[in-house]
Amino acid sequence: MNFFICIVVMVTGAVVGSFLNVCILRIPAGDSIILPRSRCPRCRHAIRFYDNIPIVSYFILKGKCRDCAKSISPRYAAIEALTAVLFLLLFSKYGLSLEFLFYVVFTGALIVIAFIDLDHFIIPDVITLPGIPILFLAAVFVMKASFVDSILGVLIGGGSLLLIAVIYQRLTKREGIGLGDVKLLAMIGAFLGWKSLLFVLFLSSLLGSIVGLLIILRKGGNLKYAVPYGPFLSLAAVAYIFLGNDFMNFFIPT
């Protein structure tokens with residue numbers, strides 16, 4: 001790839017990552033993601049345009065607000081860097097195409113969902129409910145996926161988690177998987193197809209079990225500590241984009 005184009009793609013990704021930070025912060029509160037301008041989360045002072053350069057400004061300001069000198073979470077810069085890297089990886093796989101555009105939208109939505117779920121233990125319907133039909137149409141008409149594959153992705157994705165949630169609640173008398181996770185997996189299935197769900201469920205369950213076990217051990221065996229499942233589903237879905245074909249070909253040779 002041309003070095004200059006790679007830089008442009010990564011810079012664009014970092015700018016989009018900055019916008020995703022705004023979404024992560026404001027969507028749970030029901031605030032506009034457009035106005036007002038970005039503000040310091042501590043003193044609420046509007047951030048100057050030259051202090052709002054993705055990644056760069058964080059290091060120039062040494063992770064502190066120019067006005068109140070309070071620390072700003074490094075997560076903001078990390079999300080910008082993560083988005084920049086994903087942009088580059090997706091560009092290297094799909095080039096400048098409609099496929100690239102929709103994969104960018106898909107991964108961006110997953111980043112927002114993952115971090116909102118981490119912070120608030122919710123997966124916002126404002127993303128997943130419109131995401132299901134939009135990504136379904138993109139899969140069928142842009143990615144040229146099978147109509148049946150995408151429909152089954154929605155039904156199996158949502159249905160499988162819903163069944164697990166009902167069984168778990170009946171057995172334990174408490175909620176384990178929320179409806180937000182059900183809608184998220186339906187959205188993933190709509191875009192990636194039903195075959196992706198084997199990989200996504202396997203990897204997300206594996207990662208969730210490992211992290212959950214580590215947290216339980218750290219908390220002294222407290223089995224009631226809640227671990228959001230959305231971040232693991234999101235991570236597994238992104239992993240499928242880059243590793244899924246090799247995984248499926250290994251277990252289901254064609």
# chains A, B, ... in the order shown; residues from 1 in each chain; ligands from 1
call {"tool": "residues_around", "arguments": {"residues": "segment 191-201 of chain A", "least_positions_apart": "2", "cutoff": "7 Å", "atoms": "only C-alpha atoms", "output": "MDAnalysis selection string"}}
result
chainID A and resid 135:136 139 149:150 152:153 156:157 187:189 203:205 233 236:237 240 244
call {"tool": "write_last_selection", "arguments": {"atoms": "N, CA and C atoms", "output": "mmCIF file, in the first residue's frame"}}
result
data_model
loop_
_atom_site.group_PDB
_atom_site.id
_atom_site.type_symbol
_atom_site.label_atom_id
_atom_site.label_comp_id
_atom_site.auth_asym_id
_atom_site.auth_seq_id
_atom_site.Cartn_x
_atom_site.Cartn_y
_atom_site.Cartn_z
ATOM 1 N N LEU A 135 -27.618 -2.995 8.277
ATOM 2 C CA LEU A 135 -26.514 -3.903 7.984
ATOM 3 C C LEU A 135 -26.982 -5.134 7.215
ATOM 4 N N PHE A 136 -28.227 -5.531 7.421
ATOM 5 C CA PHE A 136 -28.798 -6.619 6.618
ATOM 6 C C PHE A 136 -28.831 -6.226 5.145
ATOM 7 N N ALA A 139 -25.347 -6.096 3.725
ATOM 8 C CA ALA A 139 -24.800 -7.429 3.468
ATOM 9 C C ALA A 139 -25.341 -8.012 2.169
ATOM 10 N N ASP A 149 -28.813 -16.376 4.129
ATOM 11 C CA ASP A 149 -27.744 -16.367 5.135
ATOM 12 C C ASP A 149 -27.928 -15.226 6.128
ATOM 13 N N SER A 150 -28.280 -14.052 5.617
ATOM 14 C CA SER A 150 -28.429 -12.890 6.491
ATOM 15 C C SER A 150 -29.689 -12.978 7.342
ATOM 16 N N LEU A 152 -31.142 -15.759 8.295
ATOM 17 C CA LEU A 152 -30.839 -16.763 9.314
ATOM 18 C C LEU A 152 -29.894 -16.201 10.365
ATOM 19 N N GLY A 153 -28.993 -15.301 9.937
ATOM 20 C CA GLY A 153 -28.093 -14.666 10.890
ATOM 21 C C GLY A 153 -28.857 -13.877 11.944
ATOM 22 N N ILE A 156 -31.128 -16.718 13.975
ATOM 23 C CA ILE A 156 -30.314 -17.606 14.812
ATOM 24 C C ILE A 156 -29.525 -16.799 15.838
ATOM 25 N N GLY A 157 -28.998 -15.653 15.403
ATOM 26 C CA GLY A 157 -28.236 -14.822 16.328
ATOM 27 C C GLY A 157 -29.074 -14.365 17.506
ATOM 28 N N MET A 187 -27.753 -8.295 15.160
ATOM 29 C CA MET A 187 -27.125 -7.325 14.259
ATOM 30 C C MET A 187 -25.858 -7.910 13.634
ATOM 31 N N ILE A 188 -25.069 -8.599 14.447
ATOM 32 C CA ILE A 188 -23.855 -9.232 13.946
ATOM 33 C C ILE A 188 -24.200 -10.292 12.903
ATOM 34 N N GLY A 189 -25.207 -11.110 13.207
ATOM 35 C CA GLY A 189 -25.626 -12.147 12.270
ATOM 36 C C GLY A 189 -26.172 -11.579 10.974
ATOM 37 N N LEU A 203 -15.766 -17.773 20.451
ATOM 38 C CA LEU A 203 -14.703 -16.900 20.935
ATOM 39 C C LEU A 203 -15.189 -15.991 22.055
ATOM 40 N N SER A 204 -16.395 -15.430 21.926
ATOM 41 C CA SER A 204 -16.907 -14.539 22.971
ATOM 42 C C SER A 204 -17.133 -15.289 24.276
ATOM 43 N N SER A 205 -17.627 -16.521 24.191
ATOM 44 C CA SER A 205 -17.835 -17.332 25.394
ATOM 45 C C SER A 205 -16.508 -17.698 26.049
ATOM 46 N N LEU A 233 -18.734 -10.079 22.629
ATOM 47 C CA LEU A 233 -19.395 -10.294 21.340
ATOM 48 C C LEU A 233 -18.807 -9.363 20.285
ATOM 49 N N ALA A 236 -15.261 -10.488 19.321
ATOM 50 C CA ALA A 236 -15.315 -11.712 18.514
ATOM 51 C C ALA A 236 -15.788 -11.404 17.092
ATOM 52 N N ALA A 237 -16.729 -10.469 16.953
ATOM 53 C CA ALA A 237 -17.223 -10.106 15.626
ATOM 54 C C ALA A 237 -16.125 -9.440 14.798
ATOM 55 N N TYR A 240 -13.720 -12.032 13.682
ATOM 56 C CA TYR A 240 -14.238 -12.851 12.576
ATOM 57 C C TYR A 240 -13.943 -12.216 11.227
ATOM 58 N N GLY A 244 -12.146 -15.157 10.480
ATOM 59 C CA GLY A 244 -13.283 -16.068 10.382
ATOM 60 C C GLY A 244 -13.203 -17.068 9.261
#
call {"tool": "residues_around", "arguments": {"residues": "Ala77 of chain A", "least_positions_apart": "6", "cutoff": "9 Å", "atoms": "only C-alpha atoms", "output": "PyMOL selection string"}}
result
chain A and resi 14+17-18+54-59
call {"tool": "residues_around", "arguments": {"residues": "segment 85-100 of chain A", "least_positions_apart": "5", "cutoff": "7 Å", "atoms": "only C-alpha atoms", "output": "list in words"}}
result
Cys6, Val9, Met10, Gly13, Val142 and Met143 of chain A
call {"tool": "residues_around", "arguments": {"residues": "Arg42 of chain A", "least_positions_apart": "3", "cutoff": "9 Å", "atoms": "only C-alpha atoms", "output": "list of chain:residue names"}}
result
A:Arg39, A:His45, A:Cys65, A:Cys68, A:Lys70, A:Ser71, A:Ile72
call {"tool": "write_last_selection", "arguments": {"atoms": "N, CA and C atoms", "output": "mmCIF file, in the first residue's frame"}}
result
data_model
loop_
_atom_site.group_PDB
_atom_site.id
_atom_site.type_symbol
_atom_site.label_atom_id
_atom_site.label_comp_id
_atom_site.auth_asym_id
_atom_site.auth_seq_id
_atom_site.Cartn_x
_atom_site.Cartn_y
_atom_site.Cartn_z
ATOM 1 N N ARG A 39 -16.294 18.897 25.618
ATOM 2 C CA ARG A 39 -15.928 19.593 26.845
ATOM 3 C C ARG A 39 -15.091 18.693 27.745
ATOM 4 N N HIS A 45 -15.291 22.826 30.665
ATOM 5 C CA HIS A 45 -14.865 23.898 29.785
ATOM 6 C C HIS A 45 -14.767 23.359 28.359
ATOM 7 N N CYS A 65 -6.279 18.394 31.332
ATOM 8 C CA CYS A 65 -7.050 19.499 30.769
ATOM 9 C C CYS A 65 -6.236 20.784 30.879
ATOM 10 N N CYS A 68 -8.340 23.076 33.811
ATOM 11 C CA CYS A 68 -8.416 22.677 35.219
ATOM 12 C C CYS A 68 -7.247 21.810 35.664
ATOM 13 N N LYS A 70 -6.821 18.799 35.525
ATOM 14 C CA LYS A 70 -7.192 17.468 35.995
ATOM 15 C C LYS A 70 -6.865 16.430 34.924
ATOM 16 N N SER A 71 -6.594 15.218 35.370
ATOM 17 C CA SER A 71 -6.227 14.150 34.442
ATOM 18 C C SER A 71 -7.405 13.763 33.556
ATOM 19 N N ILE A 72 -7.095 13.466 32.313
ATOM 20 C CA ILE A 72 -8.088 12.965 31.356
ATOM 21 C C ILE A 72 -7.756 11.505 31.076
#
call {"tool": "atom_distance", "arguments": {"atom1": "atom CA of Ile216 of chain A", "atom2": "atom CA of Ser234 of chain A"}}
result
22.2 Å
call {"tool": "closest_residue", "arguments": {"among": "A:Cys40, A:Leu61, A:Cys23, A:Arg218", "to": "Ile127 of chain A", "atoms": "only C-alpha atoms"}}
result
A:Cys23
call {"tool": "closest_residue", "arguments": {"among": "A:Leu110, A:Leu118, A:Ile151, A:Ala226", "to": "Ala239 of chain A", "atoms": "only C-alpha atoms"}}
result
A:Leu110
call {"tool": "select_by_dssp", "arguments": {"residues": "segment 156-206 of chain A", "states": "helix (DSSP H, G or I)", "output": "count of residues only"}}
result
42
call {"tool": "residues_around", "arguments": {"residues": "Ile34 of chain A", "least_positions_apart": "2", "cutoff": "10 Å", "atoms": "only C-alpha atoms", "output": "short mmCIF file (atom, residue, chain, number, x, y, z; two decimals) with N, CA and C atoms, in the first residue's frame"}}
result
data_model
loop_
_atom_site.label_atom_id
_atom_site.label_comp_id
_atom_site.auth_asym_id
_atom_site.auth_seq_id
_atom_site.Cartn_x
_atom_site.Cartn_y
_atom_site.Cartn_z
N PHE A 19 -14.90 10.98 17.35
CA PHE A 19 -16.36 11.05 17.32
C PHE A 19 -16.98 9.89 18.10
N VAL A 22 -17.24 10.64 21.68
CA VAL A 22 -18.41 11.49 21.97
C VAL A 22 -19.67 10.63 22.08
N CYS A 23 -19.82 9.69 21.17
CA CYS A 23 -20.99 8.80 21.19
C CYS A 23 -21.03 7.98 22.47
N ARG A 26 -22.08 10.34 25.35
CA ARG A 26 -23.37 11.04 25.33
C ARG A 26 -24.58 10.15 25.11
N ASP A 31 -28.00 12.50 25.32
CA ASP A 31 -27.60 13.81 24.83
C ASP A 31 -27.31 13.79 23.33
N SER A 32 -27.32 14.94 22.72
CA SER A 32 -26.98 15.07 21.30
C SER A 32 -25.52 14.72 21.08
N PRO A 36 -23.50 20.13 22.39
CA PRO A 36 -22.50 21.18 22.19
C PRO A 36 -21.14 20.62 21.83
N ARG A 37 -20.15 21.51 21.67
CA ARG A 37 -18.79 21.09 21.39
C ARG A 37 -18.26 20.22 22.52
N SER A 38 -17.19 19.47 22.22
CA SER A 38 -16.56 18.62 23.23
C SER A 38 -16.11 19.46 24.42
#
call {"tool": "residues_around", "arguments": {"residues": "Gly108 of chain A", "least_positions_apart": "3", "cutoff": "8 Å", "atoms": "only C-alpha atoms", "output": "ChimeraX atom specification"}}
result
/A:17,20,83,104-105,111-112
call {"tool": "closest_residue", "arguments": {"among": "A:Val16, A:Ala190, A:Ile210, A:Leu35", "to": "Ala145 of chain A", "atoms": "only C-alpha atoms"}}
result
A:Ala190
call {"tool": "closest_residue", "arguments": {"among": "A:Ile134, A:Leu101, A:Ile24, A:Ala78", "to": "Phe115 of chain A", "atoms": "only C-alpha atoms"}}
result
A:Ile24
call {"tool": "atom_distance", "arguments": {"atom1": "atom CA of Ala84 of chain A", "atom2": "atom CA of Val15 of chain A"}}
result
8.1 Å
